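Structure first, then comments.
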Amino acid sequence: MTKNRPIQIMILLAAISLAGIIAVQVYWVARAVEEQEQAFDHNVRMSLRSVADSMCQIDGNDLIDNKPIDKVTSNYFVARLQYNINISNLERLISEQFETRGVNIDYEYGVYNCETDRMVFGELVSQEQDDSVEKIRLPELKEDEYYFGVYFPSKTAGLLSNMSIWKFMTAGTVLMLLFFGYGLVVVLKQRRLSEIQKDFINNVTHELKTPLATLKLAAEVINKNTTGDKSTKYAKIVCQETNRLEAQVEQILSTSLAEHTQEVSMEKVEASTFLNEIVEKFKLEYSDVQWEIELKNSDDVLKTNCQNLEAILRNLVDNAVKYGNGEVGISTDSKSRNLEIIISDNGSGIPRIYQKKIFDKFFRIPSNNQHDVKGYGLGMYLVKASLKQIRGSIQINSTPEGTSFTVSLPKGQ
């Protein structure tokens, strides 16, 4: 569950961000629609008020109501005149006023009898109307008991058609959601493939341990019981290669263990005793190396995990032997709360651009396709991961004259 937490947090944060973006966009779209509708209603009211004023002036009448325009529904407006209405003038005035105020939506207008509240004339006016179409004959209304109304059958669609920027933003949001969904599927798929790959490597390395142990034992027995020079040589080669393969398998297993183990048991150990034993092992293992040993402050006590610390030092010494020129130094320096262990070599150094990357998993310094030094790029990654488990740290100092790694470990309280 813990190893999936980063990707779960990433998905959660991305989902919250997208939800926030969508909520903000919905809010502003709603505000934009509301403002559009308010502006539309205002323009329609002012247009119809001007039409009513003009109709009364043409007939020489006065408005009997200071507010003659009523909004019956969201898309239906009524103008109360109660005077004689000239339908020809009415259509012309409505068209002129709507054009002046930018009301460019199809509408229907109708004239009603005030006494019966029944329509006596009505017509649809389309903004795409062809002027070549013959107009119907308009009736003449001579009585003074009429009012007129205007209805917008496609008001909502018309308002939305004027919001191009919001259409573009909505399309962008939909695309963003699609890309997020696709990216999420790809990430989860890659995560699953990575887990399968890790499980496969772990299973293979575990399965290799048993035949390697058997092969190693058989090679040692053959080596001890061989008398001929050639047979002895080949038996020795088998032993060496078996040991090297076993070390590589152990390194892969250790890396997997370091990734999946969050905490290790800590114990107090005497620094001088532990380091002296480790150094003696190194001297026997690398007998052709010139050693410079300087172990000070023998009374220091470390709070650490011995297995992890030995693996850390072994990886650093192994690198010093591989990349150095036959000289390896091991020294210590005591600080107030920490003990520093310095592993140094006299190699050609590590370029500055690679000094931070050497702790990345599978990273190896480019060497122009030369493979004189074998490895998987796991050693320094394992050092960093193991140090994190025992609450230690590491620093690198590299020049063309040599490289040194300083391991800082907490002292026992």
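Chain labels follow the order of the structure tokens: the first chain is A, the next B, and so on; residue numbering restarts at 1 in every chain, and ligands are counted from 1 in their shown order.
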Could you go through region 256-365 of chain A and tell me which residues DSSP, when run on the backbone, assigns to strand (DSSP E or B), listing them as a list in words?
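Of region 256-365 of chain A, only Glu267, Lys268, Val269, Glu270, Gln290, Trp291, Glu292, Ile293, Glu294, Val301, Leu302, Lys303, Thr304, Glu327, Val328, Gly329, Ile330, Ser331, Thr332, Asp333, Ser334, Asn338, Leu339, Glu340, Ile341, Ile342, Ile343, Ser344 and Asp345 of chain A fall in strand (DSSP E or B).
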Output N, CA and C atoms of each residue in that selection to a file, as a PDB file, in the first residue's frame.
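Final output, saved to part_17.pdb:
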```pdb
ATOM      1  N   GLU A 267      21.010  -1.031  16.335  1.00  0.00           N
ATOM      2  CA  GLU A 267      21.681  -1.472  17.545  1.00  0.00           C
ATOM      3  C   GLU A 267      22.938  -0.636  17.754  1.00  0.00           C
ATOM      4  N   LYS A 268      23.418  -0.630  18.995  1.00  0.00           N
ATOM      5  CA  LYS A 268      24.640   0.101  19.305  1.00  0.00           C
ATOM      6  C   LYS A 268      25.846  -0.823  19.127  1.00  0.00           C
ATOM      7  N   VAL A 269      26.832  -0.328  18.368  1.00  0.00           N
ATOM      8  CA  VAL A 269      28.050  -1.113  18.143  1.00  0.00           C
ATOM      9  C   VAL A 269      29.254  -0.211  18.368  1.00  0.00           C
ATOM     10  N   GLU A 270      30.336  -0.814  18.812  1.00  0.00           N
ATOM     11  CA  GLU A 270      31.583  -0.069  19.005  1.00  0.00           C
ATOM     12  C   GLU A 270      32.240   0.126  17.640  1.00  0.00           C
ATOM     13  N   GLN A 290      46.926  -1.296  -2.394  1.00  0.00           N
ATOM     14  CA  GLN A 290      47.706  -0.586  -1.383  1.00  0.00           C
ATOM     15  C   GLN A 290      46.738   0.200  -0.479  1.00  0.00           C
ATOM     16  N   TRP A 291      46.727  -0.110   0.790  1.00  0.00           N
ATOM     17  CA  TRP A 291      45.758   0.455   1.723  1.00  0.00           C
ATOM     18  C   TRP A 291      46.378   1.578   2.556  1.00  0.00           C
ATOM     19  N   GLU A 292      45.573   2.597   2.811  1.00  0.00           N
ATOM     20  CA  GLU A 292      45.927   3.674   3.741  1.00  0.00           C
ATOM     21  C   GLU A 292      44.819   3.754   4.783  1.00  0.00           C
ATOM     22  N   ILE A 293      45.076   3.206   5.953  1.00  0.00           N
ATOM     23  CA  ILE A 293      44.056   3.102   6.994  1.00  0.00           C
ATOM     24  C   ILE A 293      44.381   4.081   8.125  1.00  0.00           C
ATOM     25  N   GLU A 294      43.371   4.848   8.522  1.00  0.00           N
ATOM     26  CA  GLU A 294      43.544   5.782   9.642  1.00  0.00           C
ATOM     27  C   GLU A 294      42.220   5.835  10.415  1.00  0.00           C
ATOM     28  N   VAL A 301      30.650   5.099  19.727  1.00  0.00           N
ATOM     29  CA  VAL A 301      29.633   4.051  19.611  1.00  0.00           C
ATOM     30  C   VAL A 301      28.618   4.485  18.552  1.00  0.00           C
ATOM     31  N   LEU A 302      28.332   3.607  17.610  1.00  0.00           N
ATOM     32  CA  LEU A 302      27.375   3.897  16.551  1.00  0.00           C
ATOM     33  C   LEU A 302      26.026   3.250  16.834  1.00  0.00           C
ATOM     34  N   LYS A 303      24.978   3.951  16.420  1.00  0.00           N
ATOM     35  CA  LYS A 303      23.641   3.372  16.469  1.00  0.00           C
ATOM     36  C   LYS A 303      23.242   3.071  15.031  1.00  0.00           C
ATOM     37  N   THR A 304      23.349   1.808  14.624  1.00  0.00           N
ATOM     38  CA  THR A 304      23.191   1.477  13.215  1.00  0.00           C
ATOM     39  C   THR A 304      22.736   0.032  13.052  1.00  0.00           C
ATOM     40  N   GLU A 327      45.219   2.309  -5.125  1.00  0.00           N
ATOM     41  CA  GLU A 327      45.339   2.835  -3.769  1.00  0.00           C
ATOM     42  C   GLU A 327      43.939   3.143  -3.227  1.00  0.00           C
ATOM     43  N   VAL A 328      43.631   2.650  -2.036  1.00  0.00           N
ATOM     44  CA  VAL A 328      42.342   2.878  -1.392  1.00  0.00           C
ATOM     45  C   VAL A 328      42.596   3.329   0.043  1.00  0.00           C
ATOM     46  N   GLY A 329      41.898   4.396   0.436  1.00  0.00           N
ATOM     47  CA  GLY A 329      42.046   4.906   1.790  1.00  0.00           C
ATOM     48  C   GLY A 329      40.766   4.774   2.583  1.00  0.00           C
ATOM     49  N   ILE A 330      40.876   4.407   3.856  1.00  0.00           N
ATOM     50  CA  ILE A 330      39.733   4.351   4.772  1.00  0.00           C
ATOM     51  C   ILE A 330      40.131   5.108   6.028  1.00  0.00           C
ATOM     52  N   SER A 331      39.382   6.152   6.360  1.00  0.00           N
ATOM     53  CA  SER A 331      39.689   6.943   7.554  1.00  0.00           C
ATOM     54  C   SER A 331      38.395   7.346   8.240  1.00  0.00           C
ATOM     55  N   THR A 332      38.505   7.806   9.473  1.00  0.00           N
ATOM     56  CA  THR A 332      37.334   8.237  10.244  1.00  0.00           C
ATOM     57  C   THR A 332      37.597   9.608  10.844  1.00  0.00           C
ATOM     58  N   ASP A 333      36.502  10.306  11.115  1.00  0.00           N
ATOM     59  CA  ASP A 333      36.578  11.626  11.751  1.00  0.00           C
ATOM     60  C   ASP A 333      35.351  11.785  12.637  1.00  0.00           C
ATOM     61  N   SER A 334      35.560  12.060  13.900  1.00  0.00           N
ATOM     62  CA  SER A 334      34.448  12.144  14.858  1.00  0.00           C
ATOM     63  C   SER A 334      33.929  13.576  14.970  1.00  0.00           C
ATOM     64  N   ASN A 338      27.935  12.838  15.058  1.00  0.00           N
ATOM     65  CA  ASN A 338      28.090  11.857  13.993  1.00  0.00           C
ATOM     66  C   ASN A 338      29.536  11.375  13.904  1.00  0.00           C
ATOM     67  N   LEU A 339      29.690  10.191  13.343  1.00  0.00           N
ATOM     68  CA  LEU A 339      31.002   9.669  12.995  1.00  0.00           C
ATOM     69  C   LEU A 339      31.085   9.603  11.476  1.00  0.00           C
ATOM     70  N   GLU A 340      32.133  10.184  10.910  1.00  0.00           N
ATOM     71  CA  GLU A 340      32.310  10.202   9.472  1.00  0.00           C
ATOM     72  C   GLU A 340      33.324   9.139   9.064  1.00  0.00           C
ATOM     73  N   ILE A 341      32.967   8.335   8.069  1.00  0.00           N
ATOM     74  CA  ILE A 341      33.856   7.321   7.499  1.00  0.00           C
ATOM     75  C   ILE A 341      34.145   7.742   6.066  1.00  0.00           C
ATOM     76  N   ILE A 342      35.424   7.942   5.749  1.00  0.00           N
ATOM     77  CA  ILE A 342      35.825   8.435   4.427  1.00  0.00           C
ATOM     78  C   ILE A 342      36.485   7.303   3.646  1.00  0.00           C
ATOM     79  N   ILE A 343      35.926   7.000   2.469  1.00  0.00           N
ATOM     80  CA  ILE A 343      36.487   6.012   1.542  1.00  0.00           C
ATOM     81  C   ILE A 343      37.024   6.788   0.341  1.00  0.00           C
ATOM     82  N   SER A 344      38.311   6.668   0.054  1.00  0.00           N
ATOM     83  CA  SER A 344      38.926   7.453  -1.021  1.00  0.00           C
ATOM     84  C   SER A 344      39.732   6.576  -1.949  1.00  0.00           C
ATOM     85  N   ASP A 345      39.919   7.078  -3.174  1.00  0.00           N
ATOM     86  CA  ASP A 345      40.769   6.386  -4.153  1.00  0.00           C
ATOM     87  C   ASP A 345      41.584   7.424  -4.908  1.00  0.00           C
TER      88      ASP A 345
END
```
What lies within 12 Å of region 18-23 of chain A using only C-alpha atoms, ignoring chain neighbours under 2 positions off, as a VMD selection string?
chain A and resid 11 to 16 25 to 30 169 to 181
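For region 279-350 of chain A, the set of residues given alpha helix (DSSP H) by DSSP on the backbone reads Val279, Glu280, Lys281, Phe282, Lys283, Leu284, Glu285, Cys306, Gln307, Asn308, Leu309, Glu310, Ala311, Ile312, Leu313, Arg314, Asn315, Leu316, Val317, Asp318, Asn319, Ala320, Val321, Lys322 and Tyr323 of chain A.
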State, in Å with one decimal place, the distance from CA of Lys357 (chain A) to CA of Lys384 (chain A).
11.6 Å
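Excluding Ile237 (chain A) itself and any same-chain residue fewer than 3 positions from it, the protein and nucleic acid residues within 12 Å of it, counting only C-alpha atoms, are Lys216, Ala219, Glu220, Ile222, Asn223, Lys230, Ser231, Thr232, Lys233, Tyr234, Gln240, Glu241, Thr242, Asn243 and Arg244 of chain A.
Near region 151-155 of chain A, within a cut-off of 6 Å and counting only C-alpha atoms, sit the residues Asn75, Tyr76, Tyr107, Glu108 and Gly158 of chain A, with same-chain residues fewer than 3 positions away left out.
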Could you give me, as a list in words, the residues within 12 Å of His42 (chain A), counting only C-alpha atoms and dropping anything in the same chain fewer than 6 positions from it?
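The filter keeps Glu35, Gln36, Leu48, Arg49, Ile69, Asp70, Lys71, Phe77, Phe98, Arg101, Gly102 and Val103 of chain A.
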Neighbour list for Ser272 (chain A) as an MDAnalysis selection string, cut-off 9 Å, only C-alpha atoms, skip fewer than 3 positions in-chain:
chainID A and resid 269 275:277 295:301
I'd like the contact shell of Ile278 (chain A) - 12 Å cut-off, only C-alpha atoms, skipping same-chain residues fewer than 3 positions apart - returned as an MDAnalysis selection string.
chainID A and resid 271:275 281:285 293 295 306:307 309:314 317 330
What separates CA of Thr403 (chain A) and CA of Ile350 (chain A) is a distance of 7.2 Å
